[in-house]
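Coordinates as given in data_30.txt (compact mmCIF, C-alpha atoms):
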# COMPACT_ATOMS: atom_id res chain seq x y z
CA MET F 25 110.24 -157.74 -13.79
CA ALA F 26 112.74 -159.59 -15.96
CA THR F 27 112.75 -163.31 -15.25
CA PHE F 28 116.05 -164.95 -14.26
CA THR F 29 116.59 -167.74 -16.75
CA LYS F 30 119.21 -170.22 -15.61
CA ILE F 31 121.75 -171.49 -18.08
CA ASP F 32 121.40 -175.28 -18.08
CA SER F 33 125.12 -175.93 -17.67
CA PHE F 34 125.40 -173.42 -14.84
CA VAL F 35 124.59 -175.90 -12.06
CA GLU F 36 127.27 -178.33 -13.26
CA ASN F 37 129.81 -175.56 -13.73
CA LEU F 38 129.07 -174.30 -10.25
CA ALA F 39 129.33 -177.76 -8.70
CA GLU F 40 132.64 -178.41 -10.47
CA LYS F 41 134.17 -175.10 -9.41
CA ALA F 42 134.17 -173.75 -12.94
CA ILE F 43 132.30 -170.64 -11.79
CA ASN F 44 133.07 -168.45 -8.79
CA LEU F 45 130.01 -166.41 -7.91
CA GLY F 46 131.81 -164.60 -5.13
CA GLY F 47 134.70 -163.38 -7.26
CA THR F 48 135.21 -160.27 -9.35
CA GLY F 49 134.45 -161.80 -12.73
CA LEU F 50 130.68 -161.48 -13.07
CA THR F 51 130.05 -159.41 -16.18
CA VAL F 52 127.12 -158.41 -18.39
CA ALA F 53 126.94 -159.35 -22.08
CA LEU F 54 124.34 -158.09 -24.56
CA THR F 55 122.91 -159.89 -27.56
CA ASN F 56 119.92 -159.65 -29.84
CA THR F 57 119.84 -163.41 -30.50
CA ALA F 58 117.41 -165.65 -28.65
CA HIS F 59 118.88 -168.23 -26.27
CA THR F 60 119.72 -171.79 -27.24
CA ALA F 61 119.63 -174.39 -24.48
CA THR F 62 123.07 -175.77 -25.31
CA TRP F 63 124.82 -172.44 -24.83
CA ASP F 64 127.46 -172.67 -22.18
CA GLU F 65 130.10 -170.03 -22.80
CA LEU F 66 130.37 -166.40 -23.85
CA ALA F 67 131.65 -167.49 -27.26
CA ASP F 68 128.23 -169.00 -27.96
CA LEU F 69 126.71 -165.50 -27.99
CA THR F 70 126.68 -163.01 -30.86
CA GLN F 71 127.40 -159.93 -28.82
CA VAL F 72 126.77 -156.29 -29.72
CA ASP F 73 129.61 -153.84 -30.26
CA TYR F 74 130.67 -152.36 -26.91
CA THR F 75 132.76 -149.47 -28.34
CA TYR F 76 130.41 -146.87 -26.91
CA CYS F 77 129.30 -148.81 -23.83
CA SER F 78 130.35 -148.11 -20.27
CA SER F 79 131.76 -150.82 -18.00
CA ARG F 80 129.78 -154.06 -17.88
CA VAL F 81 131.49 -155.50 -14.79
CA LEU F 82 129.18 -156.36 -11.91
CA THR F 83 130.04 -155.72 -8.30
CA VAL F 84 129.40 -158.36 -5.65
CA SER F 85 127.90 -156.71 -2.58
CA THR F 86 127.72 -159.90 -0.50
CA SER F 87 128.42 -163.57 -1.14
CA ALA F 88 127.72 -165.54 2.01
CA GLN F 89 125.58 -168.15 3.68
CA THR F 90 123.37 -167.74 6.71
CA SER F 91 121.92 -170.80 8.41
CA GLY F 92 122.74 -172.87 5.38
CA THR F 93 121.28 -170.59 2.75
CA TYR F 94 123.74 -168.93 0.39
CA LYS F 95 122.81 -165.53 -1.01
CA LEU F 96 124.59 -163.57 -3.71
CA VAL F 97 123.77 -159.86 -3.74
CA LEU F 98 124.90 -157.75 -6.67
CA ALA F 99 125.05 -153.98 -6.89
CA ASP F 100 122.88 -152.29 -9.49
CA LEU F 101 124.61 -151.61 -12.78
CA THR F 102 123.86 -148.78 -15.23
CA LEU F 103 125.12 -149.14 -18.78
CA THR F 104 125.57 -145.80 -20.58
CA ALA F 105 126.14 -145.20 -24.26
CA THR F 106 128.65 -142.40 -24.86
CA GLY F 107 129.62 -141.01 -28.24
CA GLY F 108 127.65 -143.56 -30.19
CA ALA F 109 125.07 -146.31 -30.07
CA VAL F 110 125.02 -149.67 -28.29
CA GLY F 111 122.79 -152.33 -29.75
CA PRO F 112 120.30 -153.36 -30.78
CA PHE F 113 119.98 -155.98 -28.08
CA ARG F 114 117.18 -157.77 -26.27
CA TYR F 115 118.92 -160.27 -23.99
CA VAL F 116 121.11 -159.37 -21.04
CA TYR F 117 123.45 -162.21 -20.05
CA ILE F 118 125.57 -162.59 -16.95
CA TYR F 119 128.75 -164.62 -17.19
CA ASP F 120 131.88 -165.27 -15.16
CA ASP F 121 134.71 -163.51 -16.93
CA SER F 122 137.24 -165.13 -14.57
CA SER F 123 136.21 -168.66 -15.51
CA THR F 124 137.86 -170.73 -18.21
CA GLY F 125 135.77 -170.21 -21.31
CA ASP F 126 133.76 -167.37 -19.70
CA LYS F 127 130.95 -169.59 -18.46
CA LEU F 128 127.40 -168.30 -18.65
CA VAL F 129 125.31 -167.98 -15.50
CA ALA F 130 121.89 -166.64 -16.49
CA TYR F 131 120.12 -164.25 -18.79
CA TYR F 132 117.20 -161.81 -18.81
CA ASP F 133 114.85 -161.01 -21.68
CA TYR F 134 114.03 -157.29 -21.97
CA GLY F 135 111.00 -158.24 -24.05
CA SER F 136 111.92 -156.24 -27.14
CA SER F 137 115.05 -155.05 -28.87
CA ILE F 138 116.42 -151.69 -27.79
CA THR F 139 119.32 -149.51 -28.86
CA LEU F 140 121.09 -147.21 -26.47
CA ASN F 141 121.88 -144.03 -28.37
CA ASP F 142 124.36 -141.47 -27.11
CA ALA F 143 123.66 -140.70 -23.44
CA ASP F 144 120.91 -143.35 -23.17
CA THR F 145 121.14 -145.71 -20.22
CA LEU F 146 120.04 -149.18 -19.18
CA THR F 147 119.87 -149.85 -15.46
CA ILE F 148 119.90 -153.41 -14.14
CA ASP F 149 118.12 -153.03 -10.82
CA PHE F 150 119.04 -156.09 -8.72
CA ASP F 151 117.19 -156.94 -5.52
CA GLY F 152 119.47 -155.60 -2.82
CA THR F 153 117.74 -157.56 -0.06
CA ASN F 154 116.77 -160.93 -1.53
CA GLY F 155 119.77 -161.09 -3.80
CA PHE F 156 120.58 -162.17 -7.34
CA LEU F 157 120.26 -165.84 -6.43
CA THR F 158 120.11 -168.08 -3.39
CA ILE F 159 121.14 -171.67 -2.82
CA ALA F 160 119.56 -173.53 0.06
CA MET I 13 109.32 -136.19 -28.93
CA ALA I 14 111.22 -134.83 -31.93
CA ILE I 15 113.23 -131.61 -31.96
CA ALA I 16 111.32 -128.58 -33.24
CA PHE I 17 111.85 -124.86 -33.69
CA ASP I 18 110.13 -122.72 -31.01
CA SER I 19 110.66 -118.97 -31.54
CA SER I 20 113.20 -116.30 -32.52
CA SER I 21 114.22 -112.75 -31.60
CA SER I 22 116.91 -110.20 -32.45
CA GLY I 23 118.19 -106.74 -31.57
CA ILE I 24 120.67 -104.03 -32.38
CA GLY I 25 123.50 -103.15 -29.98
CA GLY I 26 125.85 -100.19 -29.99
CA SER I 27 127.58 -100.48 -26.68
CA ALA I 28 129.22 -103.08 -24.47
CA SER I 29 125.80 -104.31 -23.33
CA ILE I 30 122.60 -105.44 -24.98
CA THR I 31 119.21 -106.63 -23.77
CA VAL I 32 116.75 -108.44 -26.03
CA SER I 33 113.41 -109.91 -25.03
CA HIS I 34 112.72 -113.54 -25.98
CA THR I 35 109.90 -116.02 -25.35
CA CYS I 36 110.52 -119.71 -24.70
CA SER I 37 107.82 -122.38 -24.52
CA GLY I 38 107.40 -126.16 -24.67
CA SER I 39 109.43 -128.93 -23.05
CA ASP I 40 113.09 -129.98 -23.24
CA ARG I 41 113.94 -126.43 -24.32
CA VAL I 42 117.18 -124.87 -25.49
CA LEU I 43 117.92 -121.25 -26.38
CA PHE I 44 120.78 -120.27 -28.73
CA VAL I 45 122.07 -116.69 -28.85
CA VAL I 46 124.59 -115.28 -31.36
CA TRP I 47 126.08 -111.77 -31.37
CA ARG I 48 128.91 -109.89 -32.97
CA THR I 49 131.51 -107.66 -31.31
CA THR I 50 133.96 -105.15 -32.72
CA GLY I 51 136.74 -102.95 -31.42
CA ASP I 52 138.65 -105.38 -29.19
CA ALA I 53 141.29 -107.82 -30.40
CA THR I 54 140.90 -109.85 -27.19
CA PRO I 55 137.25 -109.55 -26.31
CA ASN I 56 135.89 -111.12 -23.16
CA VAL I 57 132.31 -111.72 -22.14
CA SER I 58 131.58 -110.22 -18.77
CA SER I 59 128.16 -111.85 -18.50
CA ALA I 60 125.60 -113.57 -20.71
CA SER I 61 122.27 -114.62 -19.24
CA TYR I 62 118.64 -115.40 -19.97
CA ALA I 63 116.01 -114.72 -17.32
CA GLY I 64 118.92 -114.06 -14.97
CA GLU I 65 120.48 -117.52 -15.50
CA ALA I 66 123.95 -117.77 -16.99
CA MET I 67 124.29 -119.10 -20.52
CA THR I 68 127.07 -121.43 -21.70
CA LEU I 69 129.61 -120.61 -24.40
CA VAL I 70 129.60 -122.87 -27.48
CA ASP I 71 132.52 -121.08 -29.09
CA VAL I 72 133.84 -117.73 -30.38
CA GLN I 73 135.16 -117.20 -33.91
CA GLY I 74 136.84 -114.14 -35.37
CA ALA I 75 135.48 -113.16 -38.77
CA ASN I 76 138.26 -114.20 -41.08
CA ASN I 77 139.94 -115.37 -37.87
CA ASP I 78 140.28 -111.80 -36.51
CA LEU I 79 138.81 -111.33 -33.03
CA ASN I 80 138.49 -107.58 -33.64
CA ASN I 81 135.37 -108.72 -35.46
CA ALA I 82 134.19 -111.67 -33.38
CA VAL I 83 131.04 -113.80 -33.44
CA TYR I 84 129.89 -115.53 -30.22
CA LEU I 85 127.47 -118.43 -29.90
CA TYR I 86 125.98 -119.21 -26.45
CA TYR I 87 123.21 -121.55 -25.29
CA ILE I 88 121.15 -122.41 -22.24
CA LEU I 89 119.31 -125.71 -21.64
CA ASN I 90 115.85 -125.66 -20.09
CA PRO I 91 115.56 -121.85 -20.07
CA ALA I 92 112.69 -120.33 -18.17
CA THR I 93 109.41 -120.40 -20.04
CA GLY I 94 107.60 -117.21 -20.93
CA THR I 95 109.01 -113.87 -21.97
CA ASN I 96 112.35 -112.96 -20.43
CA ASP I 97 115.45 -110.90 -21.22
CA ILE I 98 118.61 -112.00 -22.95
CA SER I 99 121.35 -109.85 -21.39
CA VAL I 100 124.93 -109.65 -22.60
CA THR I 101 127.73 -107.44 -21.30
CA MET I 102 131.25 -107.37 -22.72
CA GLN I 103 134.39 -106.38 -20.87
CA SER I 104 136.78 -103.65 -21.89
CA THR I 105 136.35 -101.82 -25.17
CA ALA I 106 134.33 -104.33 -27.19
CA THR I 107 131.08 -103.08 -28.74
CA ILE I 108 128.14 -105.39 -29.41
CA GLY I 109 126.88 -104.90 -32.94
CA SER I 110 123.74 -107.01 -33.21
CA LEU I 111 122.24 -110.10 -31.63
CA ALA I 112 119.96 -112.94 -32.80
CA ALA I 113 118.34 -115.75 -30.82
CA ALA I 114 116.37 -118.94 -31.51
CA SER I 115 114.83 -121.44 -29.13
CA TYR I 116 113.91 -125.08 -29.72
CA THR I 117 112.01 -127.89 -27.99
CA GLY I 118 112.72 -131.60 -27.67
CA VAL I 119 116.42 -131.08 -27.02
CA GLY I 120 118.31 -133.01 -24.33
CA SER I 121 121.88 -131.81 -24.78
CA ILE I 122 124.44 -130.24 -27.09
CA GLY I 123 126.78 -132.51 -29.01
CA ALA I 124 129.49 -131.95 -31.60
CA THR I 125 130.54 -128.40 -32.50
CA ASN I 126 132.69 -126.83 -35.20
CA LYS I 127 133.61 -123.34 -36.48
CA THR I 128 134.75 -121.87 -39.77
CA TYR I 129 135.81 -118.51 -41.17
CA GLY I 130 136.71 -116.89 -44.45
CA THR I 131 136.85 -113.70 -46.47
CA THR I 132 135.57 -114.52 -49.92
CA SER I 133 132.02 -114.42 -51.14
CA GLY I 134 130.26 -117.69 -51.70
CA ASN I 135 129.05 -120.66 -49.70
CA TYR I 136 130.40 -121.24 -46.23
CA THR I 137 129.93 -124.89 -45.30
CA ASN I 138 130.30 -125.89 -41.68
CA THR I 139 130.34 -129.64 -40.91
CA VAL I 140 130.09 -131.82 -37.81
CA THR I 141 129.88 -135.56 -37.20
CA THR I 142 126.79 -136.16 -35.10
CA THR I 143 126.96 -138.53 -32.15
CA LYS I 144 123.28 -139.33 -31.73
CA ASP I 145 120.60 -140.34 -34.17
CA ASN I 146 117.96 -137.77 -35.15
CA SER I 147 119.95 -134.73 -34.02
CA TRP I 148 119.38 -131.24 -35.43
CA LEU I 149 122.09 -128.78 -36.40
CA VAL I 150 122.13 -125.08 -35.42
CA MET I 151 124.61 -122.42 -36.57
CA GLY I 152 125.40 -118.86 -35.53
CA ALA I 153 127.04 -116.75 -38.24
CA TYR I 154 128.19 -113.24 -38.97
CA ALA I 155 128.50 -111.34 -42.22
CA VAL I 156 126.48 -113.79 -44.28
CA GLN I 157 123.31 -112.85 -46.06
CA SER I 158 121.26 -115.98 -46.61
CA ALA I 159 120.89 -119.71 -46.05
CA GLY I 160 122.44 -122.24 -48.39
CA THR I 161 121.47 -125.79 -49.30
CA GLY I 162 119.79 -127.75 -46.54
CA THR I 163 119.80 -124.74 -44.23
CA THR I 164 116.94 -122.65 -42.81
CA SER I 165 117.33 -119.10 -41.43
CA ARG I 166 115.54 -118.59 -38.10
CA ALA I 167 116.76 -115.21 -36.82
CA ASN I 168 118.63 -112.40 -38.52
CA ASN I 169 119.65 -108.88 -37.66
CA ASN I 170 122.26 -106.84 -39.50
CA ASP I 171 123.96 -109.94 -40.90
CA VAL I 172 124.02 -111.83 -37.61
CA HIS I 173 122.12 -115.04 -38.26
CA ILE I 174 120.91 -118.19 -36.58
CA PHE I 175 120.37 -121.09 -39.00
CA ASP I 176 119.27 -124.66 -38.42
CA SER I 177 118.77 -127.91 -40.33
CA ASN I 178 114.98 -127.78 -40.02
CA GLY I 179 114.91 -131.54 -39.60
CA ALA I 180 116.54 -134.52 -37.94
CA LYS I 181 119.77 -136.02 -39.22
CA SER I 182 119.68 -139.82 -39.39
CA PRO I 183 121.69 -141.95 -39.00
CA THR I 184 124.64 -140.46 -37.14
CA GLY I 185 127.29 -139.15 -39.46
CA SER I 186 128.80 -136.08 -41.13
CA TYR I 187 126.32 -133.28 -41.79
CA SER I 188 126.62 -129.60 -42.80
CA LEU I 189 124.88 -126.26 -42.76
CA VAL I 190 125.65 -123.71 -45.45
CA ALA I 191 125.58 -119.92 -45.22
CA VAL I 192 125.92 -117.66 -48.26
CA GLU I 193 128.07 -114.51 -48.30
CA SER I 194 127.61 -112.25 -51.28
CA TYR I 195 129.88 -109.21 -50.71
CA GLY I 196 133.30 -110.55 -49.81
CA ASN I 197 133.00 -109.70 -46.11
CA ASP I 198 134.96 -111.39 -43.36
CA VAL I 199 132.85 -114.31 -42.18
CA GLY I 200 132.71 -116.45 -39.06
CA THR I 201 130.34 -119.37 -38.35
CA ILE I 202 129.86 -121.66 -35.32
CA LEU I 203 127.91 -124.93 -35.67
CA ALA I 204 126.44 -127.14 -32.92
CA GLU I 205 124.55 -130.43 -32.74
CA MET I 206 121.28 -130.50 -30.80
CA LYS I 207 120.62 -134.00 -29.46
CA LEU I 208 117.45 -135.68 -28.30
CA PRO I 209 117.05 -136.28 -24.57
CA ALA I 210 118.61 -139.48 -23.22
CA LEU I 211 116.34 -142.51 -22.86
CA ASN I 212 116.66 -144.41 -19.60
CA TYR I 213 115.74 -148.09 -19.73
CA SER I 214 115.73 -150.42 -16.74
CA ILE I 215 115.17 -154.08 -15.93
CA THR I 216 114.39 -155.47 -12.50
CA PRO I 217 115.59 -159.07 -12.32
CA THR I 218 113.71 -161.67 -10.32
CA VAL I 219 115.57 -163.63 -7.63
CA PHE I 220 116.38 -167.24 -8.46
CA ALA I 221 116.31 -169.75 -5.59
CA PHE I 222 118.10 -173.07 -5.88
CA ASN I 223 116.55 -175.41 -3.28
CA THR I 224 117.80 -178.80 -2.14
CA SER I 225 116.02 -181.22 0.20
CA TRP I 226 117.42 -183.33 3.05
CA LYS I 227 116.01 -186.69 4.41
CA THR I 228 116.77 -188.70 7.54
CA VAL I 229 117.03 -192.46 7.24
CA ILE I 230 116.86 -194.65 10.33
CA LEU I 231 118.50 -198.03 9.92
CA HIS I 232 118.07 -200.92 12.21
CA ILE I 233 118.85 -204.60 12.15
CA GLY I 234 116.78 -206.87 14.29
CA LYS I 235 116.18 -205.25 17.55
CA TYR I 236 119.11 -202.89 17.41
CA LEU I 237 119.10 -199.27 16.47
CA LEU I 238 122.42 -198.88 14.68
CA ALA I 239 122.54 -195.52 13.08
CA SER I 240 120.71 -192.65 11.53
CA LEU I 241 122.09 -191.05 8.45
CA GLY I 242 121.19 -187.92 6.43
CA GLN I 243 121.08 -188.15 2.67
CA PHE I 244 121.26 -185.48 -0.02
CA THR I 245 118.75 -185.68 -2.83
CA GLN I 246 118.64 -183.41 -5.78
CA THR I 247 116.36 -185.62 -7.84
CA LEU I 248 113.75 -188.22 -7.10
CA ASN I 249 116.42 -190.95 -6.90
CA THR I 250 117.11 -191.90 -3.28
CA VAL I 251 120.46 -193.25 -2.15
CA VAL I 252 120.33 -195.40 0.95
CA VAL I 253 123.34 -196.62 2.87
CA SER I 254 122.90 -199.72 4.93
CA VAL I 255 125.15 -201.42 7.49
CA THR I 256 125.05 -205.10 8.37
CA ARG I 257 126.67 -206.86 11.29
CA LEU I 258 127.03 -210.51 12.03
CA TRP I 259 125.26 -211.96 15.06
CA THR I 260 127.63 -213.66 17.52
CA LYS I 261 125.93 -213.75 20.79
CA ALA I 262 123.37 -211.70 22.37
CA THR I 263 122.18 -211.83 25.89
CA LYS I 264 119.08 -210.14 26.88
CA ASN I 265 118.31 -209.58 30.46
CA SER I 266 114.99 -208.56 31.66
CA THR I 267 115.46 -205.05 30.58
CA THR I 268 118.50 -204.31 28.35
CA LEU I 269 121.08 -205.89 26.11
CA THR I 270 124.33 -206.54 27.93
CA GLY I 271 126.85 -207.52 25.22
CA THR I 272 127.79 -209.65 22.25
CA SER I 273 130.83 -211.75 21.24
CA LYS I 274 131.69 -213.92 18.29
CA SER I 275 132.25 -217.63 18.83
CA THR I 276 134.82 -219.60 16.86
CA THR I 277 132.53 -221.79 14.94
CA SER I 278 128.86 -221.80 14.71
CA TRP I 279 125.70 -221.92 16.54
CA THR I 280 126.09 -224.29 19.48
CA GLU I 281 123.01 -223.82 21.41
CA GLU I 282 119.83 -222.19 21.13
CA SER I 283 117.05 -222.49 23.57
CA LYS I 284 113.92 -220.74 24.08
CA ASN I 285 112.09 -220.68 27.28
CA THR I 286 108.45 -220.56 27.41
CA SER I 287 108.22 -216.89 27.29
CA THR I 288 111.43 -215.10 26.30
CA PHE I 289 114.88 -215.63 24.80
CA THR I 290 117.52 -216.19 27.48
CA ASN I 291 120.57 -216.57 25.23
CA GLU I 292 121.57 -217.64 21.81
CA THR I 293 124.92 -218.48 20.31
CA LYS I 294 126.15 -219.01 16.87
Spell out the structure here as structure tokens.
Amino acid sequence: MATFTKIDSFVENLAEKAINLGGTGLTVALTNTAHTATWDELADLTQVDYTYCSSRVLTVSTSAQTSGTYKLVLADLTLTATGGAVGPFRYVYIYDDSSTGDKLVAYYDYGSSITLNDADTLTIDFDGTNGFLTIA
Amino acid sequence: MAIAFDSSSSGIGGSASITVSHTCSGSDRVLFVVWRTTGDATPNVSSASYAGEAMTLVDVQGANNDLNNAVYLYYILNPATGTNDISVTMQSTATIGSLAAASYTGVGSIGATNKTYGTTSGNYTNTVTTTKDNSWLVMGAYAVQSAGTGTTSRANNNDVHIFDSNGAKSPTGSYSLVAVESYGNDVGTILAEMKLPALNYSITPTVFAFNTSWKTVILHIGKYLLASLGQFTQTLNTVVVSVTRLWTKATKNSTTLTGTSKSTTSWTEESKNTSTFTNETK
């Protein structure tokens, strides 16, 4: 399991409508640089080259509340390298591409650096029942 | 697992069909087959199979760009293990001259390809740009006699050859195999990249729960229950809202409060009987 690590500024950005979890902007970013607590936006990351990487856009399956508990469910995403390599990277970030400044939401640590060579894949297997995150 | 050479075979044709026995073993296998045809300016392959399964065309090249003297390179991924027949049948008037085959292990897919031709003696260099690290190169050729620099001959019959790089190419980039022609024959070569199998990584994210807590505060002044309010706390700091109201007059009967009103000035009277309040004014 890859632990969800919240970006510190995420809660403020969410409360101040800077991030829309239910929109179409949630996107994956890849970096090989360890996280710094003050990071807030995509520009804070040193991203890998995505020339040979498939789409990194996440799909929202459901974004709704039930009995006062909000749940965001994301569809699984498979990144595929085609025609070249993607990486190396270790950290998988999720950010809101539709927000001003591309605000960061969270990141996962794969545990070691990997490189996707031609035809290699990385699947982000979200929990389809319990969701990506909940707010109660 | 790295790519490695498995086994080779070859045979002589003489008609529109040829059958050659070949043995494949190991995992992530691929079989390459090269043959030459003559006698048809527009040759067509009627069927090409291994162990009854159809093979896939890499490319066809006319020696010196003349399809009357054509060289074909086919392959099949994950061919059946064991000893089975390579079977090729050409359409129309084409005659199969000779055939050579080589199988490999540790191969996931075929990548870049390229073909060359010529008519002079010397080195024939065929080059591709690989798309995956640690790929091997394999080349089918006709009318060459030996391997050149950085090239290993695996199968050969009557000048139909299969060559390979005999090692991984790293990093990705432009790499070549070289075949040597010594007699000035018309030559054709077809080169292909053999790539390692794809790696499939995955991460399973944990679910993050943001929880808030709610508290109920009951406020009262004196004997009156005024209100109950909910409050939102996200930290240990508690926010309490209180309401005050000025006493004017209160009358209490034996059981319930009846009403209050505000006088113009101040307390005028206050009495207390021996047991309970009867009235009070301010």
Is it possible to get the residues within 7 Å of (126.6, -123.3, -24.3) (coordinates as in the file, counting only C-alpha atoms) written as a VMD selection string? chain I and resid 67 to 70 86 to 88
Prev. selection, C-alpha atoms, output as a PDB file, in the frame of the given file:
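Listed below is the output, result.pdb:
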ATOM      1  CA  MET I  67     124.290-119.100 -20.520  1.00  0.00           C
ATOM      2  CA  THR I  68     127.070-121.430 -21.700  1.00  0.00           C
ATOM      3  CA  LEU I  69     129.610-120.610 -24.400  1.00  0.00           C
ATOM      4  CA  VAL I  70     129.600-122.870 -27.480  1.00  0.00           C
ATOM      5  CA  TYR I  86     125.980-119.210 -26.450  1.00  0.00           C
ATOM      6  CA  TYR I  87     123.210-121.550 -25.290  1.00  0.00           C
ATOM      7  CA  ILE I  88     121.150-122.410 -22.240  1.00  0.00           C
TER       8      ILE I  88
END
Determine which residues of chain I sit within 6 Å of chain F, taking into account only C-alpha atoms, and present them as a list in words.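 Residues passing the distance filter: Thr143, Lys144, Ala210, Leu211, Asn212, Tyr213, Ser214, Ile215, Thr216, Pro217, Thr218, Val219, Phe220, Ala221, Phe222, Asn223 and Thr224 of chain I.
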Which distance in Å separates CA of Ser91 in chain F and CA of Lys41 in chain F, to one decimal? 22.0 Å
May I ask for the distance between CA of Asn197 in chain I and CA of Val32 in chain I, given in Å to one decimal place? 25.9 Å
Who sits within 10 Å of Ala180 in chain I, all atoms listed in the file, same chain under 3 positions skipped, as a list in words: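 Near Ala180 in chain I, the qualifying residues are Ala14, Ile15, Ala16, Asp145, Asn146, Ser147, Trp148, Leu149, Ser177, Pro183, Met206, Lys207 and Leu208 of chain I.
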Name the closest residue to Leu66 in chain F among the candidates F:Gly125, F:Gly135, F:Gly152, F:Gly46; distances are taken between atoms, counting all atoms listed in the file.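 That would be F:Gly125, the residue with the smallest distance to Leu66 in chain F.
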Edge lengths and centre in Å to one decimal, as lines of an AutoDock Vina configuration file, is what I'm after for the box along x, y and z that holds all listed atoms of range 37-50 of chain F once 5 Å is added on each side.
center_x = 132.1
center_y = -169.3
center_z = -9.4
size_x = 16.1
size_y = 28.1
size_z = 18.6
So, counting only C-alpha atoms, which residue among F:Ser137, F:Thr48, F:Asn37, F:Thr60 is closest to Ser85 in chain F?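 The closest residue to Ser85 in chain F is F:Thr48.
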Gap from CA of Asn126 in chain I to CA of Asp71 in chain I - Å, one decimal: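 Taking CA of Asn126 in chain I and CA of Asp71 in chain I, their separation equals 8.4 Å.
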Residues proximal to (130.7, -150.2, -22.8) were defined as those with any atom within 8 Å of that point in the file's coordinates, counting all atoms listed in the file. Which are they, as a CSV table (one decimal) with C-alpha atoms, keeping the file's coordinate frame?
chain,number,residue,atom,x,y,z
F,74,TYR,CA,130.7,-152.4,-26.9
F,75,THR,CA,132.8,-149.5,-28.3
F,76,TYR,CA,130.4,-146.9,-26.9
F,77,CYS,CA,129.3,-148.8,-23.8
F,78,SER,CA,130.4,-148.1,-20.3
F,79,SER,CA,131.8,-150.8,-18.0
F,80,ARG,CA,129.8,-154.1,-17.9
F,103,LEU,CA,125.1,-149.1,-18.8
F,104,THR,CA,125.6,-145.8,-20.6
F,105,ALA,CA,126.1,-145.2,-24.3
F,110,VAL,CA,125.0,-149.7,-28.3
For Gly94 in chain I, the nearest of the candidates I:Ser21, I:Ser188, I:Thr35, I:Ser61, counting only C-alpha atoms: I:Thr35
Quick one: of F:Ser136, F:Leu50, F:Thr62, F:Thr70, who's nearest to Arg114 in chain F, counting all atoms listed in the file? F:Ser136
